[in-house]
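> One file: target.txt (compact mmCIF, C-alpha atoms).
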# COMPACT_ATOMS: atom_id res chain seq x y z
CA MET A 324 -10.76 -8.91 13.38
CA HIS A 325 -13.00 -7.89 10.50
CA ILE A 326 -13.74 -10.59 7.92
CA VAL A 327 -15.77 -9.87 4.79
CA VAL A 328 -17.23 -12.68 2.70
CA CYS A 329 -18.30 -12.00 -0.88
CA VAL A 330 -21.32 -14.13 -1.78
CA LYS A 331 -23.60 -14.61 -4.76
CA GLN A 332 -27.20 -15.62 -5.40
CA VAL A 333 -27.31 -18.29 -8.11
CA PRO A 334 -30.02 -20.37 -9.77
CA ASP A 335 -30.34 -23.94 -8.55
CA THR A 336 -28.42 -25.70 -11.32
CA LYS A 337 -30.10 -29.01 -10.56
CA ILE A 338 -33.15 -27.83 -12.50
CA ILE A 339 -31.68 -25.11 -14.71
CA LYS A 340 -32.48 -24.96 -18.43
CA VAL A 341 -30.86 -23.20 -21.37
CA ASN A 342 -32.87 -21.09 -23.82
CA PRO A 343 -31.79 -22.43 -27.24
CA LYS A 344 -32.71 -19.17 -29.00
CA THR A 345 -30.83 -16.73 -26.75
CA ASN A 346 -28.11 -19.11 -25.48
CA THR A 347 -28.73 -17.86 -21.95
CA LEU A 348 -29.86 -19.48 -18.72
CA ASP A 349 -33.63 -19.70 -18.44
CA ARG A 350 -34.22 -18.64 -14.84
CA ARG A 351 -38.02 -18.64 -15.04
CA GLY A 352 -39.47 -20.72 -12.22
CA VAL A 353 -36.00 -21.70 -11.00
CA PRO A 354 -35.39 -21.12 -7.28
CA ALA A 355 -32.39 -18.96 -6.34
CA ILE A 356 -29.97 -20.19 -3.69
CA LEU A 357 -26.78 -19.13 -1.96
CA ASN A 358 -23.85 -20.28 -4.07
CA PRO A 359 -22.74 -23.48 -2.26
CA TYR A 360 -19.03 -22.59 -2.24
CA ASP A 361 -19.91 -19.23 -0.67
CA GLY A 362 -21.79 -21.00 2.10
CA HIS A 363 -18.57 -22.75 3.07
CA ALA A 364 -16.74 -19.41 2.96
CA VAL A 365 -19.25 -17.88 5.40
CA GLU A 366 -19.01 -20.94 7.66
CA GLU A 367 -15.20 -20.65 7.73
CA ALA A 368 -15.39 -16.93 8.50
CA VAL A 369 -17.71 -17.64 11.44
CA ARG A 370 -15.31 -20.31 12.71
CA ILE A 371 -12.37 -17.90 12.53
CA LYS A 372 -14.43 -15.26 14.38
CA LYS A 373 -15.13 -17.74 17.16
CA GLN A 374 -11.39 -18.43 17.49
CA VAL A 375 -9.97 -14.91 17.43
CA GLY A 376 -13.00 -12.67 17.91
CA GLY A 377 -14.23 -9.92 15.63
CA LYS A 378 -16.98 -9.44 13.08
CA VAL A 379 -18.17 -11.18 9.91
CA THR A 380 -19.69 -9.03 7.17
CA VAL A 381 -21.13 -10.40 3.94
CA LEU A 382 -21.32 -8.54 0.63
CA SER A 383 -23.25 -9.42 -2.51
CA MET A 384 -24.16 -7.86 -5.85
CA GLY A 385 -27.47 -8.70 -7.48
CA PRO A 386 -31.16 -7.88 -7.87
CA PRO A 387 -33.22 -6.77 -4.85
CA GLN A 388 -34.32 -10.34 -4.10
CA ALA A 389 -30.67 -11.26 -3.44
CA THR A 390 -31.27 -10.00 0.10
CA GLN A 391 -32.46 -13.56 0.72
CA VAL A 392 -28.89 -14.88 0.46
CA ILE A 393 -27.82 -12.18 2.91
CA LYS A 394 -30.42 -13.55 5.34
CA LYS A 395 -29.06 -17.06 4.78
CA CYS A 396 -25.58 -15.85 5.69
CA ILE A 397 -26.92 -14.22 8.86
CA GLU A 398 -28.49 -17.58 9.66
CA ILE A 399 -25.10 -19.27 9.29
CA GLY A 400 -23.60 -16.77 11.72
CA ALA A 401 -22.59 -13.57 9.90
CA ASP A 402 -23.12 -10.31 11.77
CA GLU A 403 -23.98 -7.86 8.99
CA GLY A 404 -24.78 -7.88 5.28
CA TYR A 405 -24.63 -5.48 2.34
CA LEU A 406 -26.19 -5.79 -1.10
CA ILE A 407 -25.19 -3.55 -3.99
CA SER A 408 -28.15 -3.50 -6.35
CA ASP A 409 -28.61 -1.21 -9.34
CA ARG A 410 -29.59 -1.67 -12.99
CA ARG A 411 -26.23 -0.15 -13.89
CA PHE A 412 -24.55 -3.30 -12.50
CA ALA A 413 -26.56 -5.55 -14.86
CA GLY A 414 -24.75 -7.65 -17.45
CA ALA A 415 -21.44 -7.53 -15.61
CA ASP A 416 -18.75 -10.07 -16.45
CA THR A 417 -16.11 -11.07 -13.89
CA LEU A 418 -14.03 -7.94 -14.53
CA ALA A 419 -16.93 -5.54 -13.95
CA THR A 420 -18.18 -7.61 -11.01
CA SER A 421 -14.82 -7.51 -9.24
CA TYR A 422 -14.68 -3.73 -9.78
CA ALA A 423 -18.14 -3.16 -8.30
CA LEU A 424 -17.42 -5.36 -5.26
CA TYR A 425 -14.06 -3.64 -4.81
CA LYS A 426 -15.73 -0.23 -4.62
CA ALA A 427 -18.21 -1.56 -2.04
CA LEU A 428 -15.36 -3.08 -0.01
CA GLU A 429 -13.62 0.29 -0.05
CA LYS A 430 -16.69 1.90 1.50
CA ILE A 431 -17.14 -0.85 4.10
CA SER A 432 -13.48 -0.60 5.14
CA LYS A 433 -13.74 3.15 5.84
CA ASP A 434 -15.78 2.49 8.98
CA ASN A 435 -14.11 -0.80 9.88
CA PRO A 436 -10.79 -1.77 8.18
CA ILE A 437 -10.90 -5.24 6.61
CA ASP A 438 -8.39 -7.87 7.75
CA LEU A 439 -9.50 -10.81 5.62
CA VAL A 440 -11.70 -11.34 2.55
CA LEU A 441 -13.17 -14.77 1.82
CA CYS A 442 -14.84 -15.98 -1.39
CA GLY A 443 -16.09 -19.32 -2.61
CA LEU A 444 -13.81 -20.99 -5.14
CA HIS A 445 -16.26 -20.17 -7.92
CA ALA A 446 -19.96 -19.69 -8.60
CA ILE A 447 -21.86 -22.71 -9.90
CA ASP A 448 -23.54 -20.67 -12.64
CA GLY A 449 -20.37 -19.17 -14.11
CA ASP A 450 -17.60 -21.50 -12.87
CA THR A 451 -14.75 -19.09 -13.69
CA GLY A 452 -13.13 -18.54 -10.29
CA GLN A 453 -11.99 -15.09 -11.45
CA VAL A 454 -13.90 -12.67 -9.22
CA GLY A 455 -11.98 -13.42 -6.01
CA PRO A 456 -8.50 -12.89 -7.50
CA GLY A 457 -9.85 -9.88 -9.38
CA ILE A 458 -10.93 -8.27 -6.11
CA ALA A 459 -7.54 -9.02 -4.54
CA ARG A 460 -5.73 -7.41 -7.46
CA ARG A 461 -7.79 -4.22 -7.15
CA LEU A 462 -7.31 -4.12 -3.36
CA ASP A 463 -3.58 -4.84 -3.85
CA ILE A 464 -3.61 -7.70 -1.34
CA PRO A 465 -2.29 -11.26 -1.82
CA PRO A 466 -4.80 -13.85 -3.11
CA VAL A 467 -4.59 -17.49 -2.00
CA THR A 468 -6.85 -19.80 -4.01
CA LYS A 469 -8.23 -23.32 -3.48
CA VAL A 470 -7.86 -23.23 0.30
CA ILE A 471 -8.87 -26.46 2.04
CA LYS A 472 -7.77 -25.66 5.61
CA VAL A 473 -7.07 -22.59 7.73
CA GLU A 474 -4.33 -23.72 10.10
CA GLU A 475 -3.57 -20.51 11.97
CA VAL A 476 -4.71 -16.90 12.14
CA ASN A 477 -2.27 -14.65 13.99
CA GLU A 478 -3.90 -11.26 14.40
CA GLY A 479 -1.02 -9.86 16.46
CA GLU A 480 1.65 -10.57 13.86
CA LYS A 481 -0.81 -10.09 10.99
CA TYR A 482 -0.48 -13.38 9.14
CA ILE A 483 -2.57 -16.41 8.22
CA LYS A 484 -1.37 -19.95 7.49
CA VAL A 485 -3.48 -22.13 5.19
CA HIS A 486 -3.38 -25.37 3.23
CA ARG A 487 -3.95 -24.90 -0.49
CA LYS A 488 -5.13 -27.70 -2.79
CA LEU A 489 -2.94 -28.80 -5.69
CA GLY A 490 -3.47 -31.39 -8.41
CA ASP A 491 -1.17 -33.88 -6.67
CA GLY A 492 -1.37 -32.84 -3.03
CA TYR A 493 -1.40 -29.56 -1.13
CA GLU A 494 0.96 -26.79 -0.08
CA VAL A 495 1.14 -24.78 3.13
CA ILE A 496 1.18 -21.02 2.60
CA GLN A 497 1.70 -18.21 5.05
CA ALA A 498 0.32 -14.86 3.85
CA GLN A 499 0.34 -11.42 5.39
CA LEU A 500 -2.94 -9.87 6.43
CA PRO A 501 -4.97 -8.42 4.89
CA CYS A 502 -5.33 -11.03 2.17
CA LEU A 503 -8.04 -12.82 0.19
CA LEU A 504 -8.84 -16.54 0.25
CA THR A 505 -10.99 -18.56 -2.13
CA VAL A 506 -12.14 -21.77 -0.48
CA GLU A 507 -13.03 -25.28 -1.57
CA LYS A 508 -16.11 -27.08 -0.28
CA GLU A 509 -13.97 -29.55 1.64
CA ILE A 510 -12.72 -26.82 3.99
CA ASN A 511 -15.65 -27.50 6.34
CA GLU A 512 -19.18 -28.74 6.77
CA VAL A 513 -21.79 -26.02 7.02
CA ALA A 514 -23.37 -26.53 10.42
CA TYR A 515 -27.10 -26.54 11.10
CA SER A 516 -28.17 -23.09 12.22
CA PRO A 517 -29.36 -22.72 15.81
CA LEU A 518 -32.85 -21.33 16.40
CA PRO A 519 -31.65 -17.87 17.58
CA ASN A 520 -29.74 -17.44 14.29
CA MET A 521 -32.80 -18.41 12.29
CA ILE A 522 -34.96 -15.90 14.15
CA GLN A 523 -32.35 -13.18 13.70
CA ALA A 524 -32.08 -13.96 9.98
CA ALA A 525 -35.84 -13.79 9.50
CA ARG A 526 -35.94 -10.32 11.06
CA TYR A 527 -32.75 -9.01 9.47
CA GLU A 528 -32.87 -6.19 6.91
CA ALA A 529 -29.77 -6.00 4.72
CA ASN A 530 -28.06 -2.73 3.89
CA VAL A 531 -28.79 -2.02 0.21
CA TRP A 532 -26.57 0.34 -1.79
CA THR A 533 -26.92 1.67 -5.31
CA VAL A 534 -24.11 2.97 -7.51
CA ASP A 535 -24.77 6.45 -6.12
CA ASP A 536 -24.01 5.25 -2.58
CA LEU A 537 -20.47 4.24 -3.56
CA GLU A 538 -17.59 6.69 -3.91
CA ASN A 539 -15.42 7.62 -6.90
CA VAL A 540 -17.03 5.06 -9.20
CA ASP A 541 -16.08 4.94 -12.87
CA ILE A 542 -19.43 4.15 -14.50
CA ALA A 543 -17.63 2.96 -17.64
CA GLN A 544 -16.28 -0.01 -15.66
CA LEU A 545 -19.71 -1.20 -14.51
CA GLY A 546 -22.25 -3.59 -15.99
CA LEU A 547 -22.39 -4.45 -19.66
CA LYS A 548 -20.36 -1.40 -20.70
CA GLY A 549 -17.51 -2.42 -18.43
CA SER A 550 -17.54 -6.06 -19.55
CA PRO A 551 -15.07 -6.91 -22.33
CA THR A 552 -16.10 -10.58 -22.42
CA VAL A 553 -19.35 -12.04 -23.73
CA VAL A 554 -20.80 -15.55 -23.81
CA GLY A 555 -20.75 -16.72 -27.44
CA LYS A 556 -22.91 -19.78 -26.92
CA MET A 557 -24.39 -21.83 -24.13
CA TRP A 558 -26.04 -25.21 -24.33
CA ALA A 559 -27.05 -28.11 -22.14
CA PRO A 560 -24.97 -31.27 -22.63
CA GLN A 561 -26.77 -34.22 -24.12
CA PRO A 562 -27.71 -36.83 -21.53
CA PRO A 563 -25.69 -40.04 -21.84
CA GLU A 564 -27.31 -43.01 -23.53
CA LYS A 565 -28.56 -45.82 -21.36
CA ALA A 566 -25.96 -48.42 -20.54
CA LYS A 567 -26.09 -51.81 -22.19
CA ILE A 568 -25.73 -54.82 -19.92
CA LEU A 569 -23.54 -57.56 -21.40
CA GLU A 570 -24.41 -61.17 -20.78
CA GLY A 571 -22.57 -64.44 -21.21
CA SER A 572 -19.09 -65.52 -20.20
CA SER A 573 -16.16 -63.13 -19.83
CA SER A 574 -14.75 -64.07 -23.23
CA GLU A 575 -18.14 -63.57 -24.89
CA GLN A 576 -18.50 -60.16 -23.27
CA VAL A 577 -15.03 -59.11 -24.45
CA LYS A 578 -15.87 -60.15 -28.01
CA GLU A 579 -19.09 -58.14 -27.90
CA ILE A 580 -17.27 -55.05 -26.57
CA VAL A 581 -14.63 -55.25 -29.29
CA SER A 582 -17.29 -55.80 -31.97
CA THR A 583 -19.23 -52.75 -30.74
CA ILE A 584 -16.15 -50.53 -30.71
CA LEU A 585 -15.11 -51.61 -34.20
CA SER A 586 -18.58 -51.07 -35.65
CA GLU A 587 -19.19 -47.67 -34.06
CA LYS A 588 -15.67 -46.25 -34.37
CA SER A 589 -14.57 -47.89 -37.62
CA GLU A 590 -13.55 -44.55 -39.09
CA LEU A 591 -10.66 -44.37 -36.63
CA PHE A 592 -9.15 -47.52 -38.10
CA GLN A 593 -9.51 -46.53 -41.74
CA GLN A 594 -6.64 -44.04 -41.73
Could you show the structure in this file as structure tokens?

Amino acid sequence: MHIVVCVKQVPDTKIIKVNPKTNTLDRRGVPAILNPYDGHAVEEAVRIKKQVGGKVTVLSMGPPQATQVIKKCIEIGADEGYLISDRRFAGADTLATSYALYKALEKISKDNPIDLVLCGLHAIDGDTGQVGPGIARRLDIPPVTKVIKVEEVNEGEKYIKVHRKLGDGYEVIQAQLPCLLTVEKEINEVAYSPLPNMIQAARYEANVWTVDDLENVDIAQLGLKGSPTVVGKMWAPQPPEKAKILEGSSSEQVKEIVSTILSEKSELFQQ
């Protein structure tokens, strides 16, 4: 069974800043990491491989230094990694990104047909959750989003059974293979990598492709030119004010709360 996981290198949002002049993320001095949701997708792919056999390939789009996330995926247990990296990919929105990854998946599948594609639910820097379903639409395979458990993979009868998260519970879905899953973090715990995996990852050299290495690519659908959406504005939320600790009896605290609400929100009661 051939499983491909699409992954992304993202800035560590714990220390990210926003440039107030350009309304863009200020990535200077910010370490890049494997998108956390994608880490769980790779872990799940490795677990499926251990159950049914096969191969796990990872695919990413980004600058040359994104080979580091490929190495991280090899450390988790992936077998092979590809990076598509070219200035013509720059500025891509989710539509252009899904197109570029789709063309790379087409090339990968020529040598080894793909049975299952896994993606993280969304990237922590964009938070759209659109790339996975976009890839599935272009590949013309069924997408199943918000997966929290893979119950069964039947390679012989070509189906997969999963649990999908809902707002008030979950549903069990059986989909024909090949298909695409986007996974939640709760699907698994990413295991500590054994020493042999770490050594292999340190030595591993990812396969790097440019636009020219892909086949039948419509340049107009790549990068900024192929991106119909733009970010109008981006800003960091204001940190919450420090909490005020109320003292006195319960009745005194209630009176103080009501007094505070009335004084600060009086305009709501003037209508």
> Could you check the closest approach to A:Asp409 for each of A:Ile437, A:Lys488, A:Leu545, A:Lys331 and tell me which residue wins, using all atoms listed in the file?
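Looking at the shortest contact to A:Asp409, the residue is A:Leu545.
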> For A:Val365, work out the shell of residues within 8 Å, counting all atoms listed in the file and skipping chain neighbours fewer than 3 positions away, then give it as a PDB file with C-alpha atoms, keeping the file's coordinate frame.

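Full text of around_1.pdb as output:
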ATOM      1  CA  VAL A 328     -17.230 -12.680   2.700  1.00  0.00           C
ATOM      2  CA  ASP A 361     -19.910 -19.230  -0.670  1.00  0.00           C
ATOM      3  CA  GLY A 362     -21.790 -21.000   2.100  1.00  0.00           C
ATOM      4  CA  ALA A 368     -15.390 -16.930   8.500  1.00  0.00           C
ATOM      5  CA  VAL A 369     -17.710 -17.640  11.440  1.00  0.00           C
ATOM      6  CA  VAL A 381     -21.130 -10.400   3.940  1.00  0.00           C
ATOM      7  CA  CYS A 396     -25.580 -15.850   5.690  1.00  0.00           C
ATOM      8  CA  ILE A 399     -25.100 -19.270   9.290  1.00  0.00           C
ATOM      9  CA  GLY A 400     -23.600 -16.770  11.720  1.00  0.00           C
ATOM     10  CA  ALA A 401     -22.590 -13.570   9.900  1.00  0.00           C
ATOM     11  CA  LEU A 441     -13.170 -14.770   1.820  1.00  0.00           C
TER      12      LEU A 441
END
> Kindly give the distance, in Å, that separates atom CA of A:Pro354 and atom CA of A:Met521, rounded to a single decimal.
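A separation of 19.9 Å between them.
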> Which one of A:Gly492, A:Pro436, A:Gly443, A:Pro560 sits closest to A:Cys329 if you count only C-alpha atoms?
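Result for the nearest residue to A:Cys329: A:Gly443.
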> Looking at A:Thr380, A:Ser408, A:Thr468, A:Ser421, which one is nearest to A:Asn435, with distances taken over only C-alpha atoms?
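Under the stated criterion, the closest residue is A:Thr380.
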> Rounded to one decimal place, report the atom CA of A:His363-atom CA of A:Asp438 distance in Å.
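Pair atom CA of A:His363 / atom CA of A:Asp438 returns 18.6 Å.
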> Of the candidates A:Ile568, A:Ile447, A:Ala419, A:Ala364, which shows the shortest atom-to-atom distance to A:Val473, using all atoms listed in the file?
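The closest residue to A:Val473 is A:Ala364.
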> Would you please work out which residue, of A:Ile522, A:Leu439, A:Ala415, A:Val581, is nearest to A:Lys481 when using all atoms listed in the file?
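That would be A:Leu439, the residue with the smallest distance to A:Lys481.
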> Out of A:Asn358, A:Asn530, A:Gln332, A:Thr583, which residue has the shortest atom-to-atom distance to A:Lys508 when counting all atoms listed in the file?
A:Asn358
> Considering only C-alpha atoms, return as number ranges by chain whatever protein or nucleic-acid residues lie within 8 Å of stretch 453-467 of chain A, sequence-local ones (same chain, fewer than 2 positions apart) excluded.
A: 417-418, 420-422, 424-425, 442-445, 451, 469-470, 487, 498-499, 501-505
> Would you kindly return, as a PyMOL selection string, each protein, DNA or RNA residue with an atom no farther than 12 Å from any atom of A:Pro387, considering all atoms listed in the file and excluding same-chain residues fewer than 5 positions away?
chain A and resi 332+392-393+405-410+528-533
> How far is it from atom CA of A:Gly546 to atom CA of A:Pro359, in Å with one decimal?
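Result for atom CA of A:Gly546 versus atom CA of A:Pro359: 24.2 Å, one decimal.
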> Do a neighbour search on A:Gln497 at 8 Å with only C-alpha atoms, toss out local chain neighbours closer than 2 positions, and write the hits as a list of chain:residue names.
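Neighbouring residues, sequence-local ones excluded: A:Tyr482, A:Ile483, A:Lys484, A:Val485, A:Val495, A:Gln499.
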